[in-house]
>>> print(open('protein.txt').read())   # compact mmCIF, C-alpha atoms and all ligand atoms
# COMPACT_ATOMS: atom_id res chain seq x y z
CA MET A 171 80.35 120.31 99.01
CA PRO A 172 80.23 119.05 102.60
CA THR A 173 82.30 120.27 105.50
CA ILE A 174 84.69 117.54 106.62
CA ASP A 175 86.58 116.80 109.83
CA LEU A 176 89.43 114.35 109.26
CA PHE A 177 90.99 112.84 112.40
CA CYS A 178 94.54 111.48 112.31
CA ARG A 179 96.66 109.92 115.03
CA VAL A 180 100.29 109.35 114.12
CA VAL A 181 101.06 105.78 115.20
CA ASP A 182 104.61 105.90 113.89
CA ASN A 183 106.57 107.10 110.88
CA TYR A 184 104.80 109.23 108.30
CA GLY A 185 102.18 107.02 106.65
CA ASP A 186 99.20 107.95 108.81
CA ILE A 187 99.70 111.66 108.35
CA GLY A 188 100.91 111.06 104.79
CA VAL A 189 97.61 109.51 103.71
CA CYS A 190 95.52 112.09 105.62
CA TRP A 191 97.43 115.10 104.32
CA ARG A 192 97.13 113.88 100.74
CA LEU A 193 93.41 113.22 101.12
CA ALA A 194 92.76 116.57 102.86
CA ARG A 195 94.62 118.50 100.17
CA GLN A 196 92.71 116.81 97.38
CA LEU A 197 89.31 117.31 99.03
CA VAL A 198 90.04 121.04 99.18
CA ALA A 199 91.87 121.57 95.89
CA GLU A 200 89.77 119.40 93.60
CA HIS A 201 86.37 119.20 95.26
CA GLY A 202 86.08 122.55 97.07
CA CYS A 203 85.36 120.91 100.44
CA LYS A 204 86.00 122.77 103.67
CA VAL A 205 88.34 120.46 105.57
CA ARG A 206 89.64 120.48 109.13
CA LEU A 207 92.52 118.06 109.60
CA ILE A 208 92.85 117.18 113.28
CA VAL A 209 96.26 115.75 114.11
CA ASP A 210 97.85 114.55 117.35
CA ASP A 211 101.49 114.96 116.26
CA LEU A 212 102.37 118.10 114.38
CA THR A 213 106.10 117.36 114.59
CA ALA A 214 105.72 114.25 112.41
CA PHE A 215 103.47 116.29 110.12
CA ARG A 216 106.28 118.79 109.70
CA PHE A 217 108.47 116.17 108.00
CA ILE A 218 106.09 116.07 105.02
CA ALA A 219 104.89 119.70 105.27
CA PRO A 220 107.71 121.91 106.61
CA GLU A 221 105.48 125.00 106.87
CA ILE A 222 103.56 123.39 109.75
CA ASP A 223 104.25 125.13 113.05
CA PRO A 224 104.00 122.52 115.85
CA ALA A 225 103.37 125.30 118.40
CA LEU A 226 100.07 126.37 116.85
CA THR A 227 96.78 124.73 117.80
CA GLN A 228 95.18 126.07 114.63
CA GLN A 229 96.69 127.01 111.27
CA ASN A 230 95.80 126.91 107.61
CA LEU A 231 98.00 125.26 105.03
CA LEU A 232 97.09 124.93 101.34
CA GLY A 233 93.47 125.66 102.20
CA VAL A 234 93.25 122.95 104.89
CA ASP A 235 92.53 124.01 108.48
CA VAL A 236 94.99 122.08 110.61
CA ILE A 237 93.86 121.67 114.22
CA ALA A 238 95.84 120.18 117.10
CA TRP A 239 94.08 117.13 118.57
CA SER A 240 94.04 118.81 122.01
CA ALA A 241 91.83 121.57 120.58
CA SER A 242 89.30 119.25 118.93
CA GLU A 243 87.00 118.50 121.90
CA ALA A 244 85.32 121.89 121.61
CA LEU A 245 84.63 121.69 117.87
CA VAL A 246 81.11 121.59 116.48
CA PRO A 247 81.30 118.47 114.30
CA ALA A 248 81.32 118.83 110.52
CA GLU A 249 78.81 117.22 108.12
CA VAL A 250 81.27 114.42 107.42
CA VAL A 251 83.61 112.92 110.02
CA ILE A 252 86.46 110.78 108.74
CA GLU A 253 88.43 108.89 111.32
CA ALA A 254 91.63 107.58 109.79
CA PHE A 255 92.69 104.04 110.71
CA ALA A 256 90.23 103.66 113.62
CA CYS A 257 91.95 106.48 115.50
CA ASP A 258 89.01 107.14 117.82
CA PRO A 259 87.98 110.84 117.93
CA PRO A 260 87.64 112.37 121.44
CA ALA A 261 84.57 111.23 123.41
CA ALA A 262 83.28 114.80 123.79
CA TYR A 263 83.41 115.29 120.02
CA VAL A 264 81.55 112.02 119.38
CA LEU A 265 78.91 113.01 121.91
CA ALA A 266 78.54 116.36 120.15
CA MET A 267 77.82 114.45 116.91
CA THR A 268 74.66 113.04 118.51
CA THR A 269 73.31 116.51 119.32
CA LEU A 270 73.22 117.71 115.70
CA ALA A 271 69.85 117.78 113.95
CA GLU A 272 71.42 115.99 111.01
CA LYS A 273 73.95 113.47 112.25
CA PRO A 274 77.29 113.56 110.42
CA VAL A 275 78.21 110.80 107.98
CA TRP A 276 80.90 108.99 109.98
CA ILE A 277 83.56 107.08 108.11
CA ASN A 278 86.42 104.91 109.29
CA LEU A 279 89.10 105.11 106.61
CA GLU A 280 90.93 101.77 106.78
CA TYR A 281 94.49 100.84 105.81
CA LEU A 282 95.05 99.90 102.18
CA SER A 283 95.04 96.21 101.33
CA ALA A 284 94.74 94.12 98.18
CA GLU A 285 93.26 91.21 100.14
CA ALA A 286 89.99 89.64 98.96
CA TRP A 287 88.03 90.53 102.14
CA VAL A 288 88.29 94.24 101.34
CA ASP A 289 85.46 94.18 98.76
CA GLY A 290 83.10 92.59 101.28
CA VAL A 291 83.87 94.93 104.16
CA HIS A 292 84.02 98.19 102.23
CA GLY A 293 80.91 100.27 102.93
CA LEU A 294 79.62 98.11 105.80
CA PRO A 295 77.89 99.92 108.69
CA SER A 296 79.07 99.56 112.26
CA PRO A 297 76.45 100.91 114.71
CA HIS A 298 77.86 102.62 117.80
CA PRO A 299 77.36 100.34 120.87
CA ARG A 300 75.67 103.07 122.95
CA LEU A 301 74.99 106.18 120.87
CA PRO A 302 72.59 106.68 117.93
CA LEU A 303 75.44 106.86 115.43
CA ILE A 304 76.62 104.61 112.62
CA LYS A 305 80.18 104.42 111.43
CA TYR A 306 80.94 103.09 107.94
CA PHE A 307 84.03 101.18 106.90
CA PHE A 308 85.74 102.74 103.92
CA CYS A 309 88.44 100.39 102.62
CA PRO A 310 91.00 101.58 100.09
CA GLY A 311 91.90 98.93 97.56
CA PHE A 312 92.71 97.94 94.02
CA THR A 313 89.28 96.83 92.79
CA GLU A 314 86.17 98.65 91.61
CA LYS A 315 84.24 97.33 94.61
CA SER A 316 86.73 98.73 97.15
CA GLY A 317 87.31 102.36 98.15
CA GLY A 318 90.03 102.72 95.50
CA LEU A 319 93.30 104.62 95.70
CA ILE A 320 93.99 108.30 96.30
CA ARG A 321 94.92 109.86 92.96
CA GLU A 322 95.00 113.55 92.19
CA ASN A 323 93.73 114.95 88.87
CA THR A 324 97.10 116.54 88.23
CA LEU A 325 98.86 113.18 88.29
CA ALA A 326 98.11 112.05 84.73
CA GLN A 327 99.59 115.29 83.41
CA PHE A 328 102.67 114.83 85.59
CA ALA A 329 103.09 111.24 84.39
CA LEU A 330 102.99 112.32 80.74
CA ILE A 331 105.73 114.90 81.28
CA GLY A 332 107.81 112.21 83.01
CA GLU A 333 107.48 109.88 80.04
CA CYS A 334 108.65 112.57 77.60
CA GLU A 335 111.65 113.36 79.77
CA ASP A 336 112.52 109.67 80.13
CA GLY A 337 112.59 109.45 76.33
CA ALA A 338 115.25 107.62 74.35
CA GLY A 339 118.25 106.37 76.27
CA GLY A 340 116.45 106.28 79.63
CA ARG A 341 116.42 102.51 79.43
CA ASP A 342 120.18 102.07 79.08
CA ARG A 343 121.44 104.52 81.64
CA ALA A 344 122.92 103.35 84.92
CA ASN A 345 120.37 102.41 87.55
CA ASP A 346 119.71 105.11 90.05
CA LEU A 347 118.03 103.53 93.04
CA LEU A 348 116.04 105.46 95.64
CA ALA A 349 115.68 103.62 98.93
CA PHE A 350 112.86 104.76 101.20
CA ALA A 351 112.71 101.69 103.41
CA TYR A 352 112.65 100.68 107.08
CA ARG A 353 116.04 100.58 108.82
CA HIS A 354 116.63 96.84 108.54
CA ALA A 355 116.20 96.71 104.75
CA PRO A 356 118.82 94.68 102.83
CA VAL A 357 119.51 97.48 100.37
CA ARG A 358 123.17 96.65 99.72
CA ALA A 359 122.42 93.31 98.06
CA VAL A 360 119.81 94.90 95.80
CA ALA A 361 122.19 97.70 94.88
CA VAL A 362 124.95 95.25 93.96
CA ALA A 363 122.60 93.09 91.88
CA LEU A 364 121.37 96.16 90.03
CA HIS A 365 124.79 97.84 89.74
CA ALA A 366 122.93 100.81 91.14
CA HIS A 367 123.86 104.18 92.58
CA VAL A 368 121.99 104.43 95.84
CA THR A 369 120.22 107.43 97.31
CA THR A 370 118.56 106.91 100.67
CA ALA A 371 115.45 108.80 101.75
CA ALA A 372 115.39 107.38 105.28
CA PRO A 373 118.14 106.12 107.64
CA LEU A 374 119.28 102.50 107.13
CA ASP A 375 121.26 100.15 109.39
CA GLU A 376 123.59 99.24 106.54
CA THR A 377 125.21 101.93 104.48
CA GLU A 378 128.13 102.62 102.14
CA PRO A 379 130.31 105.74 101.83
CA SER A 380 129.27 106.11 98.19
CA TRP A 381 125.54 106.25 99.01
CA ARG A 382 123.93 109.65 98.95
CA SER A 383 121.08 110.73 101.15
CA ALA A 384 118.18 112.75 99.84
CA PRO A 385 117.02 115.59 102.10
CA PRO A 386 113.30 115.31 102.93
CA VAL A 387 111.00 116.99 100.44
CA PRO A 388 107.48 118.31 101.13
CA GLN A 389 104.86 115.74 100.18
CA THR A 390 103.77 117.98 97.30
CA GLN A 391 107.18 117.23 95.73
CA PHE A 392 107.38 113.54 96.57
CA ASP A 393 106.26 112.36 93.10
CA ALA A 394 108.95 114.53 91.53
CA LEU A 395 111.53 112.91 93.82
CA LEU A 396 110.47 109.39 92.77
CA ALA A 397 110.46 110.40 89.09
CA ARG A 398 114.20 111.14 89.20
CA PHE A 399 115.13 107.47 89.82
CA ASP A 400 115.08 104.32 87.70
CA VAL A 401 114.26 101.83 90.43
CA LEU A 402 112.53 102.47 93.73
CA ILE A 403 112.35 100.95 97.16
CA VAL A 404 109.30 102.24 99.00
CA ARG A 405 107.48 101.27 102.16
CA GLY A 406 104.28 101.61 104.20
CA GLU A 407 101.23 102.75 102.30
CA ASP A 408 101.44 106.15 100.67
CA SER A 409 104.89 105.83 99.06
CA PHE A 410 103.90 102.30 97.95
CA VAL A 411 101.01 103.76 95.94
CA ARG A 412 103.10 106.63 94.59
CA ALA A 413 105.73 104.16 93.30
CA GLN A 414 102.98 102.50 91.26
CA TYR A 415 101.98 105.87 89.83
CA ALA A 416 105.65 106.59 89.07
CA ALA A 417 105.60 103.50 86.82
CA LYS A 418 109.03 102.25 87.87
CA PRO A 419 110.18 98.80 88.88
CA PHE A 420 110.13 98.79 92.66
CA LEU A 421 110.48 96.74 95.80
CA TRP A 422 107.87 97.24 98.51
CA HIS A 423 109.21 97.13 102.05
CA ILE A 424 105.91 96.33 103.66
CA TYR A 425 105.24 97.51 107.22
CA PRO A 426 106.10 94.42 109.29
CA THR A 427 103.62 93.03 111.80
CA GLN A 428 104.53 90.64 114.63
CA ASP A 429 102.22 87.84 113.47
CA ASN A 430 103.73 87.94 109.94
CA ALA A 431 100.33 88.91 108.53
CA HIS A 432 102.19 91.36 106.33
CA PHE A 433 103.28 88.46 104.10
CA VAL A 434 99.61 87.65 103.42
CA LYS A 435 99.06 91.29 102.52
CA LEU A 436 102.16 91.33 100.34
CA ASP A 437 101.08 88.19 98.47
CA ALA A 438 97.58 89.53 97.91
CA TRP A 439 99.03 92.57 96.21
CA LEU A 440 101.64 90.56 94.29
CA ASP A 441 98.90 88.29 92.89
CA ARG A 442 96.94 91.27 91.62
CA TYR A 443 99.97 93.11 90.32
CA CYS A 444 101.44 90.13 88.48
CA GLU A 445 98.21 89.03 86.78
CA GLY A 446 99.21 90.57 83.43
CA LEU A 447 102.95 90.01 83.73
CA VAL A 448 104.78 87.31 81.76
CA ALA A 449 105.47 84.26 83.92
CA ASP A 450 109.25 84.42 84.32
CA ALA A 451 109.24 88.16 85.12
CA ALA A 452 106.40 87.59 87.60
CA THR A 453 108.39 84.85 89.32
CA ALA A 454 111.48 87.07 89.49
CA PHE A 455 109.44 89.96 90.84
CA LYS A 456 107.71 87.88 93.51
CA GLN A 457 110.95 86.21 94.60
CA ALA A 458 112.71 89.54 94.99
CA GLN A 459 109.81 91.04 96.99
CA HIS A 460 109.76 88.03 99.32
CA ALA A 461 113.54 88.02 99.73
CA PHE A 462 113.66 91.73 100.45
CA ASN A 463 110.95 91.48 103.08
CA ARG A 464 112.65 88.45 104.67
CA GLY A 465 115.80 90.55 104.93
CA ASP A 466 117.72 88.32 102.51
CA THR A 467 121.17 89.83 101.99
CA SER A 468 122.35 87.41 99.30
CA LEU A 469 123.06 88.80 95.87
CA ASP A 470 121.41 85.78 94.21
CA ALA A 471 118.05 86.77 95.63
CA TYR A 472 117.91 89.84 93.38
CA THR A 473 119.77 88.88 90.18
CA GLU A 474 116.61 87.68 88.39
CA PHE A 475 114.83 90.87 89.39
CA ALA A 476 117.75 92.82 87.90
CA ALA A 477 117.70 90.71 84.72
CA HIS A 478 114.01 91.43 84.18
CA LEU A 479 114.18 95.18 84.76
CA PRO A 480 113.31 96.18 81.16
CA VAL A 481 110.19 93.97 81.18
CA LEU A 482 109.27 95.19 84.65
CA LYS A 483 109.69 98.79 83.54
CA ASP A 484 107.28 98.34 80.61
CA TYR A 485 104.84 96.47 82.79
CA ALA A 486 104.96 99.17 85.47
CA THR A 487 103.59 101.61 82.88
CA GLU A 488 100.83 99.17 81.91
CA TRP A 489 99.87 98.74 85.57
CA ARG A 490 99.95 102.50 86.15
CA ASN A 491 97.59 103.00 83.19
CA HIS A 492 95.29 100.32 84.61
CA LEU A 493 95.17 102.24 87.93
CA PHE A 494 94.65 105.54 86.11
CA ALA A 495 91.52 104.12 84.46
CA GLN A 496 89.88 103.55 87.85
CA THR A 497 87.78 106.02 89.82
CA ASP A 498 89.96 107.58 92.51
CA LEU A 499 89.33 107.17 96.25
CA THR A 500 88.29 110.75 96.94
CA THR A 501 85.59 110.67 94.26
CA ARG A 502 84.35 107.33 95.62
CA LEU A 503 84.36 108.75 99.14
CA LEU A 504 82.27 111.78 98.19
CA ASN A 505 79.87 109.58 96.19
CA PHE A 506 79.51 107.36 99.25
CA VAL A 507 78.82 110.39 101.47
CA ASN A 508 76.17 111.66 99.02
CA SER A 509 74.44 108.29 98.90
CA GLN A 510 74.33 108.18 102.73
CA LYS A 511 72.92 111.71 102.87
CA LYS A 512 70.23 110.82 100.31
CA GLN A 513 69.24 107.73 102.30
CA LYS A 514 68.81 109.87 105.41
CA VAL A 515 66.50 112.25 103.56
CA SER A 516 64.33 109.57 101.93
O1 LIG B 1 106.40 106.29 106.81
P1 LIG B 1 105.73 105.02 106.45
O2 LIG B 1 106.44 103.80 106.78
O3 LIG B 1 104.33 105.00 107.11
C1 LIG B 1 103.49 104.04 107.61
C2 LIG B 1 103.39 104.10 109.08
O4 LIG B 1 104.43 103.34 109.64
C3 LIG B 1 102.08 103.56 109.53
O5 LIG B 1 101.96 103.48 110.92
C4 LIG B 1 101.85 102.25 108.89
O6 LIG B 1 100.66 101.74 109.30
C5 LIG B 1 101.85 102.45 107.41
O7 LIG B 1 103.12 102.94 107.00
C6 LIG B 1 101.50 101.22 106.64
O8 LIG B 1 105.47 104.99 104.86
P2 LIG B 1 104.46 105.74 103.88
O9 LIG B 1 103.06 105.24 104.07
O10 LIG B 1 105.00 105.62 102.56
O11 LIG B 1 104.49 107.26 104.32
C7 LIG B 1 105.57 108.11 104.07
C8 LIG B 1 105.08 109.50 103.72
O12 LIG B 1 106.15 110.41 103.75
C9 LIG B 1 104.47 109.58 102.32
O13 LIG B 1 103.30 110.38 102.33
C10 LIG B 1 105.55 110.29 101.52
C11 LIG B 1 106.15 111.18 102.57
N1 LIG B 1 107.49 111.70 102.31
C12 LIG B 1 107.64 113.05 102.02
O14 LIG B 1 106.65 113.79 101.94
N2 LIG B 1 108.90 113.52 101.80
C13 LIG B 1 110.00 112.73 101.83
O15 LIG B 1 111.13 113.23 101.62
C14 LIG B 1 109.82 111.34 102.11
C15 LIG B 1 111.02 110.43 102.11
C16 LIG B 1 108.55 110.86 102.35
>>> encode(input="protein.txt", output="structure tokens", more="lines below")
Ligand code: TRH
Amino acid sequence: MPTIDLFCRVVDNYGDIGVCWRLARQLVAEHGCKVRLIVDDLTAFRFIAPEIDPALTQQNLLGVDVIAWSASEALVPAEVVIEAFACDPPAAYVLAMTTLAEKPVWINLEYLSAEAWVDGVHGLPSPHPRLPLIKYFFCPGFTEKSGGLIRENTLAQFALIGECEDGAGGRDRANDLLAFAYRHAPVRAVAVALHAHVTTAAPLDETEPSWRSAPPVPQTQFDALLARFDVLIVRGEDSFVRAQYAAKPFLWHIYPTQDNAHFVKLDAWLDRYCEGLVADAATAFKQAQHAFNRGDTSLDAYTEFAAHLPVLKDYATEWRNHLFAQTDLTTRLLNFVNSQKKQKVS
């Protein structure tokens, strides 16, 4: 298995490091790769991996070598270089890539999107403007032609246990809602429509004395946290995918962009997700997702979503099984790397 350097800059929140940490762990645990995860913000990393010591420039956690960005210029590049979200590895490191007899396979891991352009861009080469290096776009997505979704081997087993525990009666119990959303989320209206007990996993502008807050858990326990609730509110990228694996009805608080492009991204995913869903439940689901992301605080906006919860719950399992049947991102990534290496040899 190849040696891999994975570069991650934390733009904000926990999604950048969340995706990278999950990918790094899987490359080591399931594929036996030697991975160096190079991160510019170890304090943010600590939120999802409390054992991380921000004072150390080098440490090993769960088999992954974690290197502070400041210490990365002197590294001899690995066989595979993954730059997460176009984060731009240090110039000295990139220059060092050109000096190797066999140039590394260089991949830009893009943000996840369900938009149609993803299939066309995934795998495209982007030659460096000055150096003899080629970077390849690797685009996570929901189709066979895209880079797929990160999914660990252990997940199917975990999902089965969850289903057994849910068992009889799970459907009728009071709705426990977990809200991991951005601050401005209109959670109160959703909670009222669902008659839900609320637990928050991130600070919100609006709050109620009866709402509980969940202490942060290490990312290795994040699926178990989601599994304890009936309905989820998730955000960003990684928790959005995990909610789909949790097979629960959920609202996605998409990361907002200034040009409102996030609504295009939201609709692209909604269209894919709702393809197999009965029409009235699909309408209710889409309306609630739009309302939530518009910041709609009216109860009416979520009553149809609440009314369709049983259908949405069953469908969430169907959708999860559909995703489970696909090849996971990490396998696709390593296949892509192998095909690039073979091309270089031939
Ligand atoms: O934190 P996010 O909103 O992250 C992002 C970033 O804002 C990023 O810049 C943006 O581009 C991207 O979204 C779309 O949401 P996300 O992606 O769900 O990441 C949260 C991570 O935190 C995820 O890996 C789960 C983890 N987590 C824990 O490990 N423990 C916890 O207790 C909680 C609440 C989350």
>>> residues_around(input="protein.txt", residues="A:Thr453", least_positions_apart="3", cutoff="9 Å", atoms="only C-alpha atoms", output="ChimeraX atom specification")
/A:444,448-450,456-458,474-475
>>> write_last_selection(input="protein.txt", atoms="C-alpha atoms", output="PDB file, keeping the file's coordinate frame")
ATOM      1  CA  CYS A 444     101.440  90.130  88.480  1.00  0.00           C
ATOM      2  CA  VAL A 448     104.780  87.310  81.760  1.00  0.00           C
ATOM      3  CA  ALA A 449     105.470  84.260  83.920  1.00  0.00           C
ATOM      4  CA  ASP A 450     109.250  84.420  84.320  1.00  0.00           C
ATOM      5  CA  LYS A 456     107.710  87.880  93.510  1.00  0.00           C
ATOM      6  CA  GLN A 457     110.950  86.210  94.600  1.00  0.00           C
ATOM      7  CA  ALA A 458     112.710  89.540  94.990  1.00  0.00           C
ATOM      8  CA  GLU A 474     116.610  87.680  88.390  1.00  0.00           C
ATOM      9  CA  PHE A 475     114.830  90.870  89.390  1.00  0.00           C
TER      10      PHE A 475
END
>>> residues_near_point(input="protein.txt", point="(120.7, 89.5, 101.6)", cutoff="10 Å", atoms="only C-alpha atoms", output="mmCIF file with C-alpha atoms, keeping the file's coordinate frame")
data_model
loop_
_atom_site.group_PDB
_atom_site.id
_atom_site.type_symbol
_atom_site.label_atom_id
_atom_site.label_comp_id
_atom_site.auth_asym_id
_atom_site.auth_seq_id
_atom_site.Cartn_x
_atom_site.Cartn_y
_atom_site.Cartn_z
ATOM 1 C CA ALA A 355 116.200 96.710 104.750
ATOM 2 C CA PRO A 356 118.820 94.680 102.830
ATOM 3 C CA VAL A 357 119.510 97.480 100.370
ATOM 4 C CA ARG A 358 123.170 96.650 99.720
ATOM 5 C CA ALA A 359 122.420 93.310 98.060
ATOM 6 C CA VAL A 360 119.810 94.900 95.800
ATOM 7 C CA ALA A 461 113.540 88.020 99.730
ATOM 8 C CA PHE A 462 113.660 91.730 100.450
ATOM 9 C CA ARG A 464 112.650 88.450 104.670
ATOM 10 C CA GLY A 465 115.800 90.550 104.930
ATOM 11 C CA ASP A 466 117.720 88.320 102.510
ATOM 12 C CA THR A 467 121.170 89.830 101.990
ATOM 13 C CA SER A 468 122.350 87.410 99.300
ATOM 14 C CA LEU A 469 123.060 88.800 95.870
ATOM 15 C CA ASP A 470 121.410 85.780 94.210
ATOM 16 C CA ALA A 471 118.050 86.770 95.630
ATOM 17 C CA TYR A 472 117.910 89.840 93.380
#
>>> closest_residue(input="protein.txt", among="A:Leu482, A:Ile403, A:Val198, A:Ile218", to="ligand LIG 1 (chain B)", atoms="all atoms listed in the file")
A:Ile218
>>> residues_around(input="protein.txt", residues="A:Ala351", least_positions_apart="2", cutoff="9 Å", atoms="only C-alpha atoms", output="ChimeraX atom specification")
/A:349,353-355,357,370-374,403-406,422-424
>>> atom_distance(input="protein.txt", atom1="atom CA of A:Asp393", atom2="atom CA of A:Gly202")
23.0 Å
>>> build_atoms(input="protein.txt", residues="stretch 474-482 of chain A", atoms="all heavy atoms", output="short mmCIF file (atom, residue, chain, number, x, y, z; two decimals), keeping the file's coordinate frame")
data_model
loop_
_atom_site.label_atom_id
_atom_site.label_comp_id
_atom_site.auth_asym_id
_atom_site.auth_seq_id
_atom_site.Cartn_x
_atom_site.Cartn_y
_atom_site.Cartn_z
N GLU A 474 117.70 87.86 89.37
CA GLU A 474 116.61 87.68 88.39
C GLU A 474 115.77 88.95 88.27
O GLU A 474 115.33 89.32 87.18
CB GLU A 474 115.73 86.49 88.79
CG GLU A 474 116.34 85.14 88.46
CD GLU A 474 116.69 85.03 86.96
OE1 GLU A 474 115.78 85.15 86.12
OE2 GLU A 474 117.88 84.82 86.65
N PHE A 475 115.54 89.59 89.39
CA PHE A 475 114.83 90.87 89.39
C PHE A 475 115.59 91.86 88.49
O PHE A 475 115.02 92.52 87.62
CB PHE A 475 114.73 91.39 90.83
CG PHE A 475 114.15 92.78 90.98
CD1 PHE A 475 112.82 93.03 90.69
CD2 PHE A 475 114.95 93.82 91.45
CE1 PHE A 475 112.28 94.32 90.86
CE2 PHE A 475 114.42 95.10 91.62
CZ PHE A 475 113.09 95.35 91.32
N ALA A 476 116.91 91.90 88.69
CA ALA A 476 117.75 92.82 87.90
C ALA A 476 117.68 92.45 86.42
O ALA A 476 117.57 93.33 85.55
CB ALA A 476 119.19 92.76 88.40
N ALA A 477 117.71 91.15 86.12
CA ALA A 477 117.70 90.71 84.72
C ALA A 477 116.40 91.07 84.02
O ALA A 477 116.37 91.26 82.81
CB ALA A 477 117.93 89.19 84.67
N HIS A 478 115.32 91.15 84.78
CA HIS A 478 114.01 91.43 84.18
C HIS A 478 113.61 92.90 84.24
O HIS A 478 112.46 93.25 83.94
CB HIS A 478 112.93 90.57 84.86
CG HIS A 478 113.00 89.12 84.45
ND1 HIS A 478 113.81 88.22 85.08
CD2 HIS A 478 112.38 88.45 83.46
CE1 HIS A 478 113.69 87.04 84.50
NE2 HIS A 478 112.83 87.14 83.52
N LEU A 479 114.55 93.75 84.59
CA LEU A 479 114.18 95.18 84.76
C LEU A 479 113.49 95.80 83.54
O LEU A 479 112.49 96.49 83.70
CB LEU A 479 115.41 96.01 85.14
CG LEU A 479 115.76 96.11 86.61
CD1 LEU A 479 116.82 97.19 86.82
CD2 LEU A 479 114.54 96.41 87.48
N PRO A 480 113.99 95.55 82.32
CA PRO A 480 113.31 96.18 81.16
C PRO A 480 111.84 95.75 81.04
O PRO A 480 110.96 96.58 80.80
CB PRO A 480 114.13 95.70 79.96
CG PRO A 480 115.46 95.38 80.53
CD PRO A 480 115.22 94.86 81.91
N VAL A 481 111.58 94.46 81.25
CA VAL A 481 110.19 93.97 81.18
C VAL A 481 109.38 94.60 82.31
O VAL A 481 108.24 95.04 82.13
CB VAL A 481 110.15 92.43 81.33
CG1 VAL A 481 108.72 91.91 81.26
CG2 VAL A 481 111.01 91.77 80.29
N LEU A 482 109.98 94.64 83.48
CA LEU A 482 109.27 95.19 84.65
C LEU A 482 108.99 96.67 84.47
O LEU A 482 107.96 97.19 84.90
CB LEU A 482 110.08 94.94 85.93
CG LEU A 482 110.17 93.46 86.34
CD1 LEU A 482 111.19 93.26 87.47
CD2 LEU A 482 108.80 92.94 86.77
#
